[in-house]
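**Student:** final_39.tsv is reproduced in full below (TSV, C-alpha atoms and all ligand atoms).
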```
chain	number	residue	atom	x	y	z
E	1	MET	CA	-21.69	11.37	-12.70
E	2	HIS	CA	-21.46	7.62	-12.08
E	3	ALA	CA	-20.20	5.82	-8.99
E	4	TRP	CA	-19.92	2.33	-7.53
E	5	LEU	CA	-22.29	2.39	-4.54
E	6	CYS	CA	-22.00	0.20	-1.45
E	7	GLU	CA	-25.43	0.14	0.20
E	8	THR	CA	-24.92	-3.09	2.17
E	9	PRO	CA	-21.31	-3.94	3.08
E	10	THR	CA	-21.66	-7.66	2.39
E	11	GLY	CA	-18.95	-7.87	-0.28
E	12	VAL	CA	-18.11	-6.95	-3.82
E	13	ASP	CA	-21.24	-8.57	-5.33
E	14	ALA	CA	-23.45	-6.01	-3.58
E	15	LEU	CA	-21.78	-3.02	-5.29
E	16	THR	CA	-23.86	-1.26	-7.96
E	17	TRP	CA	-22.78	1.18	-10.71
E	18	THR	CA	-25.23	4.06	-10.30
E	19	GLU	CA	-25.92	7.41	-11.93
E	20	GLN	CA	-26.06	10.32	-9.49
E	21	PRO	CA	-26.41	14.11	-9.74
E	22	THR	CA	-22.97	15.74	-10.00
E	23	PRO	CA	-22.48	17.54	-6.67
E	24	THR	CA	-21.36	21.12	-6.06
E	25	PRO	CA	-18.40	21.54	-3.71
E	26	GLY	CA	-19.10	23.04	-0.30
E	27	PRO	CA	-16.64	25.09	1.79
E	28	GLY	CA	-13.20	23.47	1.83
E	29	GLN	CA	-14.06	21.00	-0.93
E	30	ALA	CA	-13.08	20.49	-4.57
E	31	LEU	CA	-14.90	18.53	-7.25
E	32	ILE	CA	-12.45	16.16	-8.93
E	33	GLU	CA	-13.00	14.54	-12.30
E	34	ILE	CA	-11.40	11.17	-11.60
E	35	LYS	CA	-8.95	9.89	-14.19
E	36	ALA	CA	-7.51	6.95	-12.23
E	37	ALA	CA	-8.17	5.18	-8.91
E	38	SER	CA	-6.06	2.37	-7.48
E	39	LEU	CA	-7.03	-0.65	-5.40
E	40	ASN	CA	-5.51	-0.93	-1.97
E	41	PHE	CA	-6.06	-3.90	0.34
E	42	PRO	CA	-8.34	-1.86	2.66
E	43	ASP	CA	-10.69	-1.30	-0.33
E	44	LEU	CA	-11.27	-5.05	-0.28
E	45	LEU	CA	-11.96	-5.10	3.46
E	46	ILE	CA	-14.15	-1.97	3.61
E	47	VAL	CA	-16.89	-3.34	1.31
E	48	GLN	CA	-17.08	-6.44	3.55
E	49	ASN	CA	-17.40	-4.38	6.75
E	50	LYS	CA	-14.03	-5.87	7.86
E	51	TYR	CA	-11.94	-2.67	7.86
E	52	GLN	CA	-11.27	-0.65	11.01
E	53	ILE	CA	-12.98	2.37	9.41
E	54	LYS	CA	-16.69	1.81	8.75
E	55	PRO	CA	-18.15	4.68	6.64
E	56	PRO	CA	-21.83	5.56	7.03
E	57	LEU	CA	-24.00	3.84	4.39
E	58	PRO	CA	-24.34	4.20	1.51
E	59	PHE	CA	-20.78	5.04	0.47
E	60	VAL	CA	-18.61	4.94	-2.64
E	61	PRO	CA	-15.45	2.83	-2.10
E	62	GLY	CA	-12.07	3.78	-3.56
E	63	SER	CA	-9.56	5.16	-1.08
E	64	GLU	CA	-7.06	6.70	-3.49
E	65	TYR	CA	-7.44	8.52	-6.79
E	66	ALA	CA	-6.02	11.14	-9.12
E	67	GLY	CA	-7.74	13.52	-11.50
E	68	VAL	CA	-8.47	17.10	-12.46
E	69	VAL	CA	-10.02	19.88	-10.32
E	70	VAL	CA	-13.26	20.94	-12.09
E	71	ALA	CA	-14.93	23.03	-9.36
E	72	ILE	CA	-13.77	24.64	-6.13
E	73	GLY	CA	-15.74	25.42	-2.96
E	74	GLU	CA	-15.64	28.50	-0.76
E	75	GLY	CA	-12.39	29.18	1.06
E	76	VAL	CA	-10.23	26.89	-1.08
E	77	THR	CA	-7.15	28.88	-1.99
E	78	GLN	CA	-4.52	26.17	-2.49
E	79	LEU	CA	-6.10	24.58	-5.59
E	80	GLN	CA	-6.88	25.91	-9.06
E	81	MET	CA	-9.35	24.90	-11.73
E	82	GLY	CA	-7.80	22.44	-14.18
E	83	GLN	CA	-5.06	21.42	-11.75
E	84	ASN	CA	-3.98	17.77	-11.61
E	85	VAL	CA	-4.17	16.33	-8.10
E	86	ALA	CA	-3.90	13.04	-6.21
E	87	CYS	CA	-5.95	12.36	-3.12
E	88	LEU	CA	-6.16	9.70	-0.43
E	89	ALA	CA	-9.50	10.35	1.24
E	90	GLY	CA	-10.56	6.82	2.26
E	91	THR	CA	-13.64	6.61	0.04
E	92	GLY	CA	-15.15	8.07	-3.16
E	93	GLY	CA	-12.58	7.01	-5.76
E	94	PHE	CA	-14.45	4.33	-7.70
E	95	ALA	CA	-16.51	6.89	-9.63
E	96	THR	CA	-16.27	9.41	-12.41
E	97	HIS	CA	-16.34	12.40	-10.01
E	98	VAL	CA	-15.86	12.94	-6.30
E	99	LEU	CA	-16.08	15.74	-3.77
E	100	ALA	CA	-12.67	15.76	-2.09
E	101	PRO	CA	-11.50	17.65	0.99
E	102	ALA	CA	-9.20	20.25	-0.60
E	103	ALA	CA	-6.72	19.86	2.28
E	104	LEU	CA	-6.11	16.24	1.25
E	105	CYS	CA	-5.48	16.99	-2.43
E	106	MET	CA	-1.81	16.82	-3.43
E	107	PRO	CA	-1.09	18.99	-6.51
E	108	LEU	CA	0.85	16.95	-9.05
E	109	PRO	CA	4.10	18.25	-10.47
E	110	GLU	CA	4.61	18.27	-14.24
E	111	GLY	CA	5.33	14.76	-15.49
E	112	PHE	CA	3.51	12.92	-12.68
E	113	GLY	CA	0.81	11.02	-14.59
E	114	HIS	CA	-2.63	10.17	-13.19
E	115	VAL	CA	-2.09	6.39	-13.15
E	116	ASP	CA	1.19	6.59	-11.19
E	117	ALA	CA	-0.27	9.29	-8.93
E	118	ALA	CA	-3.32	7.17	-8.07
E	119	ALA	CA	-1.00	4.34	-7.02
E	120	PHE	CA	1.43	6.38	-4.95
E	121	ILE	CA	0.34	7.97	-1.67
E	122	MET	CA	-0.79	4.93	0.33
E	123	THR	CA	1.92	2.46	-0.64
E	124	TYR	CA	4.94	4.79	-0.64
E	125	GLY	CA	3.69	6.72	2.41
E	126	THR	CA	3.31	3.47	4.36
E	127	SER	CA	6.61	1.95	3.28
E	128	TRP	CA	8.68	5.11	3.82
E	129	HIS	CA	7.14	5.70	7.26
E	130	ALA	CA	7.79	2.04	8.12
E	131	LEU	CA	11.37	1.70	6.87
E	132	MET	CA	12.85	5.17	7.25
E	133	ASP	CA	10.96	6.44	10.31
E	134	ARG	CA	9.84	3.47	12.41
E	135	ALA	CA	12.80	1.16	11.59
E	136	GLN	CA	15.44	3.89	11.10
E	137	LEU	CA	16.90	1.85	8.22
E	138	LYS	CA	20.59	2.53	7.55
E	139	PRO	CA	22.61	2.06	4.34
E	140	GLY	CA	24.20	-1.40	4.21
E	141	GLU	CA	21.52	-3.06	6.36
E	142	THR	CA	19.48	-6.01	5.09
E	143	VAL	CA	15.69	-5.85	4.76
E	144	LEU	CA	13.41	-8.86	4.30
E	145	VAL	CA	10.10	-7.87	2.63
E	146	LEU	CA	7.20	-10.33	2.88
E	147	GLY	CA	4.36	-10.16	0.31
E	148	ALA	CA	7.03	-8.34	-1.65
E	149	ALA	CA	5.22	-8.32	-5.01
E	150	GLY	CA	2.11	-6.60	-3.57
E	151	GLY	CA	1.31	-2.90	-3.39
E	152	VAL	CA	3.15	-1.91	-0.21
E	153	GLY	CA	5.74	-4.66	-0.82
E	154	THR	CA	6.92	-3.31	-4.18
E	155	ALA	CA	7.12	0.19	-2.70
E	156	ALA	CA	9.15	-1.20	0.23
E	157	ILE	CA	11.66	-2.85	-2.14
E	158	GLN	CA	12.22	0.39	-4.05
E	159	ILE	CA	12.51	2.56	-0.94
E	160	ALA	CA	14.90	0.17	0.81
E	161	LYS	CA	17.11	0.02	-2.30
E	162	ALA	CA	17.05	3.80	-2.70
E	163	ALA	CA	18.13	4.03	0.96
E	164	GLY	CA	21.17	1.83	0.28
E	165	ALA	CA	19.93	-1.39	1.88
E	166	LYS	CA	20.20	-4.97	0.63
E	167	VAL	CA	16.75	-6.42	-0.08
E	168	ILE	CA	15.49	-9.99	0.24
E	169	ALA	CA	12.02	-10.28	-1.33
E	170	ALA	CA	9.70	-13.11	-0.28
E	171	ALA	CA	6.63	-13.98	-2.35
E	172	SER	CA	4.44	-16.95	-3.31
E	173	THR	CA	5.34	-17.62	-6.96
E	174	ASP	CA	8.42	-17.61	-9.18
E	175	GLU	CA	6.73	-14.98	-11.36
E	176	LYS	CA	6.28	-12.66	-8.37
E	177	CYS	CA	9.88	-13.30	-7.25
E	178	ALA	CA	11.13	-12.42	-10.76
E	179	LEU	CA	9.16	-9.16	-10.66
E	180	CYS	CA	10.72	-8.29	-7.28
E	181	GLU	CA	14.23	-8.87	-8.64
E	182	SER	CA	13.41	-6.81	-11.75
E	183	ILE	CA	12.63	-3.79	-9.53
E	184	GLY	CA	15.76	-4.09	-7.41
E	185	ALA	CA	15.55	-6.96	-4.91
E	186	ASP	CA	18.99	-8.54	-4.52
E	187	VAL	CA	17.64	-11.99	-3.69
E	188	SER	CA	14.18	-13.56	-3.65
E	189	ILE	CA	12.62	-16.45	-1.76
E	190	ASN	CA	9.55	-18.25	-3.07
E	191	TYR	CA	7.76	-19.29	0.12
E	192	SER	CA	5.74	-21.89	-1.76
E	193	THR	CA	8.87	-23.83	-2.68
E	194	HIS	CA	10.57	-23.02	0.66
E	195	PRO	CA	7.61	-23.90	2.87
E	196	LEU	CA	6.94	-22.61	6.37
E	197	PRO	CA	8.39	-22.82	8.88
E	198	GLY	CA	11.75	-24.65	8.50
E	199	ALA	CA	12.66	-24.32	4.82
E	200	PHE	CA	11.59	-20.66	4.82
E	201	ARG	CA	13.79	-19.86	7.84
E	202	ASP	CA	16.71	-21.74	6.31
E	203	ALA	CA	16.36	-19.77	3.07
E	204	ILE	CA	16.37	-16.45	5.00
E	205	LYS	CA	19.45	-17.51	6.96
E	206	ALA	CA	21.22	-18.60	3.76
E	207	ALA	CA	20.41	-15.27	2.09
E	208	THR	CA	21.99	-13.36	4.99
E	209	GLY	CA	25.06	-15.55	5.53
E	210	GLY	CA	23.49	-16.87	8.75
E	211	LYS	CA	23.23	-13.40	10.35
E	212	GLY	CA	19.52	-12.73	9.80
E	213	PRO	CA	17.87	-9.57	8.41
E	214	ASP	CA	18.23	-6.27	10.27
E	215	VAL	CA	14.69	-5.24	9.34
E	216	ILE	CA	11.66	-7.36	8.44
E	217	TYR	CA	8.74	-5.66	6.68
E	218	ASP	CA	5.59	-7.76	7.21
E	219	PRO	CA	2.28	-6.82	5.51
E	220	VAL	CA	1.15	-10.48	5.47
E	221	GLY	CA	1.00	-11.79	9.08
E	222	GLY	CA	-0.64	-15.21	9.56
E	223	ASP	CA	1.73	-18.17	9.72
E	224	PHE	CA	4.59	-16.17	8.16
E	225	ALA	CA	5.30	-13.98	11.18
E	226	GLU	CA	6.81	-16.40	13.67
E	227	PRO	CA	9.30	-18.15	11.36
E	228	ALA	CA	10.27	-14.76	9.94
E	229	PHE	CA	10.77	-13.29	13.41
E	230	ARG	CA	12.84	-16.31	14.46
E	231	SER	CA	15.22	-15.52	11.58
E	232	ILE	CA	15.79	-11.86	12.53
E	233	GLY	CA	19.30	-10.57	13.27
E	234	TRP	CA	20.69	-9.05	16.47
E	235	ARG	CA	19.02	-5.67	17.21
E	236	GLY	CA	16.54	-6.44	14.42
E	237	ARG	CA	13.36	-4.40	13.89
E	238	TYR	CA	10.23	-6.31	12.90
E	239	LEU	CA	7.69	-4.03	11.21
E	240	VAL	CA	4.05	-5.04	11.79
E	241	VAL	CA	2.41	-3.56	8.69
E	242	GLY	CA	-0.65	-5.70	7.91
E	243	PHE	CA	-2.40	-9.04	7.90
E	244	ALA	CA	-3.16	-9.84	4.26
E	245	ALA	CA	-3.09	-13.58	5.03
E	246	GLY	CA	-6.05	-13.04	7.36
E	247	GLY	CA	-4.73	-14.33	10.69
E	248	ILE	CA	-3.31	-12.00	13.34
E	249	PRO	CA	-0.20	-13.81	14.58
E	250	THR	CA	0.98	-14.18	18.16
E	251	LEU	CA	4.64	-14.39	19.15
E	252	PRO	CA	6.48	-15.83	22.18
E	253	LEU	CA	7.98	-12.65	23.66
E	254	ASN	CA	11.22	-14.42	24.64
E	255	LEU	CA	12.14	-14.22	20.94
E	256	THR	CA	12.55	-10.45	21.24
E	257	LEU	CA	14.84	-10.90	24.27
E	258	LEU	CA	17.02	-13.53	22.57
E	259	LYS	CA	17.76	-11.24	19.61
E	260	GLY	CA	17.71	-7.89	21.39
E	261	ALA	CA	15.04	-7.23	18.75
E	262	SER	CA	12.08	-4.84	18.54
E	263	LEU	CA	8.52	-5.39	17.40
E	264	VAL	CA	7.52	-2.12	15.74
E	265	GLY	CA	3.93	-1.20	14.87
E	266	VAL	CA	3.26	0.79	11.69
E	267	PHE	CA	0.02	2.77	11.22
E	268	TRP	CA	0.72	5.24	8.48
E	269	GLY	CA	-2.86	6.62	8.32
E	270	ASP	CA	-2.74	7.73	11.95
E	271	PHE	CA	0.82	9.00	11.58
E	272	ALA	CA	-0.42	11.26	8.75
E	273	LYS	CA	-3.25	12.59	10.98
E	274	ARG	CA	-1.26	12.95	14.20
E	275	GLU	CA	1.96	14.27	12.64
E	276	PRO	CA	0.82	16.13	9.52
E	277	GLN	CA	3.97	18.20	9.16
E	278	ALA	CA	6.26	15.18	9.30
E	279	ASN	CA	3.99	13.41	6.81
E	280	ALA	CA	3.99	16.39	4.42
E	281	LYS	CA	7.81	16.51	4.57
E	282	MET	CA	7.95	12.79	3.82
E	283	MET	CA	5.54	13.07	0.86
E	284	ALA	CA	7.55	15.99	-0.56
E	285	GLU	CA	10.72	13.90	-0.35
E	286	LEU	CA	8.97	10.97	-2.01
E	287	ALA	CA	7.86	13.26	-4.88
E	288	VAL	CA	11.53	14.24	-5.36
E	289	TRP	CA	12.55	10.57	-5.43
E	290	TYR	CA	9.83	9.95	-8.03
E	291	ALA	CA	11.08	12.83	-10.17
E	292	GLU	CA	14.63	11.48	-9.87
E	293	GLY	CA	13.44	8.04	-11.03
E	294	LYS	CA	14.41	6.31	-7.77
E	295	ILE	CA	10.86	5.04	-7.21
E	296	LYS	CA	7.99	4.33	-9.58
E	297	PRO	CA	4.74	2.48	-8.90
E	298	VAL	CA	4.62	-1.01	-10.38
E	299	ILE	CA	1.36	-1.13	-12.33
E	300	ASP	CA	0.03	-4.66	-12.77
E	301	ARG	CA	-2.57	-3.35	-15.22
E	302	THR	CA	-5.13	-0.63	-15.76
E	303	MET	CA	-8.80	-1.57	-16.17
E	304	PRO	CA	-11.91	0.44	-17.11
E	305	MET	CA	-13.76	1.72	-14.00
E	306	ALA	CA	-16.83	-0.30	-15.00
E	307	GLN	CA	-14.80	-3.53	-14.48
E	308	LEU	CA	-14.23	-2.90	-10.77
E	309	LYS	CA	-15.72	-6.25	-9.73
E	310	ASP	CA	-13.22	-8.15	-11.93
E	311	ALA	CA	-10.42	-6.07	-10.41
E	312	TYR	CA	-11.54	-6.96	-6.88
E	313	THR	CA	-11.61	-10.66	-7.85
E	314	HIS	CA	-8.06	-10.42	-9.23
E	315	MET	CA	-6.80	-8.77	-6.05
E	316	GLY	CA	-8.66	-11.17	-3.74
E	317	SER	CA	-7.12	-14.18	-5.49
E	318	ARG	CA	-3.54	-12.94	-4.84
E	319	GLY	CA	-3.12	-12.38	-8.56
E	320	VAL	CA	-1.95	-8.77	-8.51
E	321	LYS	CA	1.71	-7.84	-8.97
E	322	GLY	CA	2.17	-4.25	-7.81
E	323	LYS	CA	-0.97	-2.16	-8.22
E	324	LEU	CA	-4.26	-2.43	-10.07
E	325	VAL	CA	-5.54	0.91	-11.35
E	326	MET	CA	-9.07	1.65	-12.55
E	327	VAL	CA	-9.31	4.35	-15.24
E	328	ASN	CA	-12.09	6.56	-16.65
E	401	LIG	N1	-0.05	-0.36	8.53
E	401	LIG	C1	-0.35	0.48	7.58
E	401	LIG	O1	-0.24	1.69	7.75
E	401	LIG	C2	-0.82	-0.07	6.26
E	401	LIG	C3	-0.96	0.76	5.14
E	401	LIG	C4	-1.33	0.18	3.92
E	401	LIG	C5	-1.61	-1.17	3.85
E	401	LIG	N2	-1.52	-1.93	4.98
E	401	LIG	C6	-1.79	-3.38	4.96
E	401	LIG	O2	-0.78	-4.03	4.22
E	401	LIG	C7	-1.31	-5.23	3.68
E	401	LIG	C8	-0.95	-5.33	2.21
E	401	LIG	O3	-1.62	-4.31	1.48
E	401	LIG	P1	-1.41	-4.17	-0.11
E	401	LIG	O4	-2.25	-3.04	-0.55
E	401	LIG	O5	0.02	-4.20	-0.42
E	401	LIG	O6	-2.09	-5.54	-0.60
E	401	LIG	P2	-1.71	-6.46	-1.87
E	401	LIG	O7	-1.19	-5.63	-2.96
E	401	LIG	O8	-2.89	-7.34	-2.12
E	401	LIG	O9	-0.50	-7.34	-1.32
E	401	LIG	C9	-0.69	-8.25	-0.27
E	401	LIG	C10	0.26	-9.42	-0.46
E	401	LIG	O10	0.03	-10.31	0.62
E	401	LIG	C11	0.28	-11.64	0.21
E	401	LIG	N3	-0.72	-12.56	0.75
E	401	LIG	C12	-0.44	-13.64	1.51
E	401	LIG	N4	-1.55	-14.29	1.84
E	401	LIG	C13	-2.57	-13.63	1.26
E	401	LIG	C14	-3.97	-13.85	1.23
E	401	LIG	N5	-4.54	-14.88	1.88
E	401	LIG	N6	-4.73	-12.98	0.52
E	401	LIG	C15	-4.18	-11.93	-0.11
E	401	LIG	N7	-2.84	-11.68	-0.11
E	401	LIG	C16	-2.05	-12.53	0.57
E	401	LIG	C17	0.26	-11.65	-1.32
E	401	LIG	O11	1.57	-11.98	-1.74
E	401	LIG	P3	2.00	-13.49	-2.00
E	401	LIG	O12	1.00	-14.12	-2.90
E	401	LIG	O13	3.33	-13.34	-2.62
E	401	LIG	O14	2.05	-14.13	-0.63
E	401	LIG	C18	-0.03	-10.20	-1.74
E	401	LIG	O15	0.82	-9.78	-2.79
E	401	LIG	C19	-2.81	-5.22	3.97
E	401	LIG	O16	-3.07	-6.01	5.11
E	401	LIG	C20	-3.09	-3.76	4.27
E	401	LIG	O17	-4.22	-3.58	5.09
E	401	LIG	C21	-1.12	-1.41	6.17
```
How does this structure look as structure tokens?
Ligand SMILES: NC(=O)c1ccc[n+]([C@@H]2O[C@H](COP(=O)([O-])OP(=O)(O)OC[C@H]3O[C@@H](n4cnc5c(N)ncnc54)[C@H](OP(=O)(O)O)[C@@H]3O)[C@@H](O)[C@H]2O)c1
**Tutor:**
Amino acid sequence: MHAWLCETPTGVDALTWTEQPTPTPGPGQALIEIKAASLNFPDLLIVQNKYQIKPPLPFVPGSEYAGVVVAIGEGVTQLQMGQNVACLAGTGGFATHVLAPAALCMPLPEGFGHVDAAAFIMTYGTSWHALMDRAQLKPGETVLVLGAAGGVGTAAIQIAKAAGAKVIAAASTDEKCALCESIGADVSINYSTHPLPGAFRDAIKAATGGKGPDVIYDPVGGDFAEPAFRSIGWRGRYLVVGFAAGGIPTLPLNLTLLKGASLVGVFWGDFAKREPQANAKMMAELAVWYAEGKIKPVIDRTMPMAQLKDAYTHMGSRGVKGKLVMVN
């Protein structure tokens, strides 16, 4: 087997494509032949030692992948040889094979392809948990999605629309805004041409008839958070999802009082660990929505696994629309 190895977490340049002996699964494990693995923002942080989870060295990055079960360890009863599965295990995906914890492997229904499956669990899990669980989004409400053309952003647009909400998508280029509208956003705001803070706030107000959004989905943070929060509607819910812009924002707390609004933290990974039954129910519902065509990962492009460094560069430069997927 081959894998991208991170021996020193100093960045993408230090990754090496190495040949390794193909492992045999131990108890509770399955050997997966990887067909597709997607890039998520944490994959960028983890190889720079900037992610909250720091795997022991050396490790193979690649949090999320899909493939075929080619060997099964002792005690694994829920998987079969030759079965198609998707898995979000945190590491191991940027390779040709991986030993996966069988409990984390999601069997794929007929018609769920490897590329879509590799781009599904993290983004849709996060955005569903955020919008439907943490924000209790109701039909007819208005959602503002920041970084709307990114991985979690595109999933948030589709989920909010499927839930009957009106969606305002905010992104940094006209091309990204057009993509957001093509997947269901009702309105888009280019925050490069409506700069922070004033013009951006005015554009949000105009898009909501002066009322402000009921829910704001923020995976970007930085300088976007305060002007966005200042635009929120009465009883609004502001979802703190991530900090792709780098800076962790601070907010004057009187803003929550003035709007009767809530700041709501979203940590889908811990939700999945702490509330596994609720998470399994949510993933099952998402699989039904996928089968019904209500949601479908937006794939920016697929690239050969050997070109991982180019893929990282593309993601780091804010070039990706939707998801980048590496394929074997
Ligand atoms: N809380 C959770 O449970 C959870 C789960 C998954 C992911 N996340 C977090 O959500 C965030 C987004 O993840 P993702 O996988 O959707 O990433 P992504 O596909 O790269 O999207 C991030 C978006 O952020 C915007 N952005 C603004 N400033 C940026 C900068 N300086 N560098 C890069 N992007 C910038 C970009 O949109 P524009 O160019 O349009 O501004 C980009 O499309 C990350 O912080 C990630 O850690 C949180």
**Student:** Skip Leu88 (chain E) itself and residues of its chain fewer than 3 positions away, then list as a PyMOL selection string all residues within 7 Å of it, counting only C-alpha atoms.
**Tutor:** chain E and resi 63-65+104+121
**Student:** Find the spatial neighbours of Gly322 (chain E), counting all atoms listed in the file, within a cut-off of 7 Å - ignore same-chain residues fewer than 4 positions away - and output them as number ranges by chain.
**Tutor:** E: 149-151, 154, 298-300
**Student:** Taking all atoms listed in the file into account, which residues are within 8 Å of ligand LIG 401 (chain E), as a PyMOL selection string?
**Tutor:** chain E and resi 39-42+122-123+126-127+146-154+170-173+176+190-191+218-222+240-246+265-270+315-323
**Student:** One decimal, Å: what's the distance from CA of Val12 (chain E) over to CA of Ala311 (chain E), could you say?
**Tutor:**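 These atoms are spaced 10.2 Å apart.
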**Student:** Can you tell me which residues surround Asp186 (chain E) at a distance of at most 12 Å, considering all atoms listed in the file, apart from same-chain residues fewer than 2 positions away, and format the answer as number ranges by chain?
**Tutor:** E: 142-145, 157-158, 160-161, 164-170, 177-184, 188-189, 207-208
**Student:** What's the 7 Å shell around Val47 (chain E), counting all atoms listed in the file, without same-chain residues fewer than 5 positions away, as a ChimeraX atom specification?
**Tutor:** /E:6,9-12
**Student:** Given the choices E:Gly62, E:Leu44, E:Pro27, E:Gly125, which gets closest to Ala102 (chain E) if the distance is worked out from only C-alpha atoms?
**Tutor:**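 Between E:Gly62, E:Leu44, E:Pro27, E:Gly125, the residue approaching Ala102 (chain E) most closely is E:Pro27.
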**Student:** Which residue gives the smallest distance to Thr16 (chain E) among E:Tyr217, E:Phe94, E:Tyr238, E:Tyr290, with all atoms listed in the file counted?
**Tutor:**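 Ranked by minimum distance to Thr16 (chain E), first place goes to E:Phe94.
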**Student:** Using all atoms listed in the file, find all polymer residues with an atom at most 9 Å away from the point (-14.5, 24.0, -7.1); report them as a VMD selection string.
**Tutor:** chain E and resid 24 to 26 29 to 32 69 to 74 76 79 to 81
**Student:** Could you work out how far CA of Leu255 (chain E) lies from CA of Gly210 (chain E), giving the answer in Å with one decimal?
**Tutor:** 16.9 Å
**Student:** Choose the residue, out of E:Ser231, E:Thr77, E:Thr18, E:Thr8, that has the smallest atom-to-atom separation from Asp202 (chain E); count only C-alpha atoms.
**Tutor:**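 Of all the options, E:Ser231 lies closest to Asp202 (chain E).
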**Student:** Looking at E:Met282, E:Val85, E:Ala203, E:Leu196, which one is nearest to Pro109 (chain E), with distances taken over all atoms listed in the file?
**Tutor:**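 For Pro109 (chain E), the nearest of the candidates is E:Val85.
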**Student:** One decimal, in Å: what's the spacing between CA of Ala185 (chain E) and CA of Ala280 (chain E)?
**Tutor:**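 About the pair CA of Ala185 (chain E) and CA of Ala280 (chain E): they are 27.7 Å apart.
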**Student:** Using only C-alpha atoms, which residue out of E:Gly28, E:Gly113, E:Gly67, E:Gly212 lies closest to Pro101 (chain E)?
**Tutor:**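 Smallest distance to Pro101 (chain E) is found for E:Gly28.
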**Student:** Just the residues within 9 Å of region 54-61 of chain E, please, counting all atoms listed in the file, with nothing from its chain fewer than 4 positions along; format it as a PyMOL selection string.
**Tutor:** chain E and resi 3-9+15+43+46-47+49-50+90-95
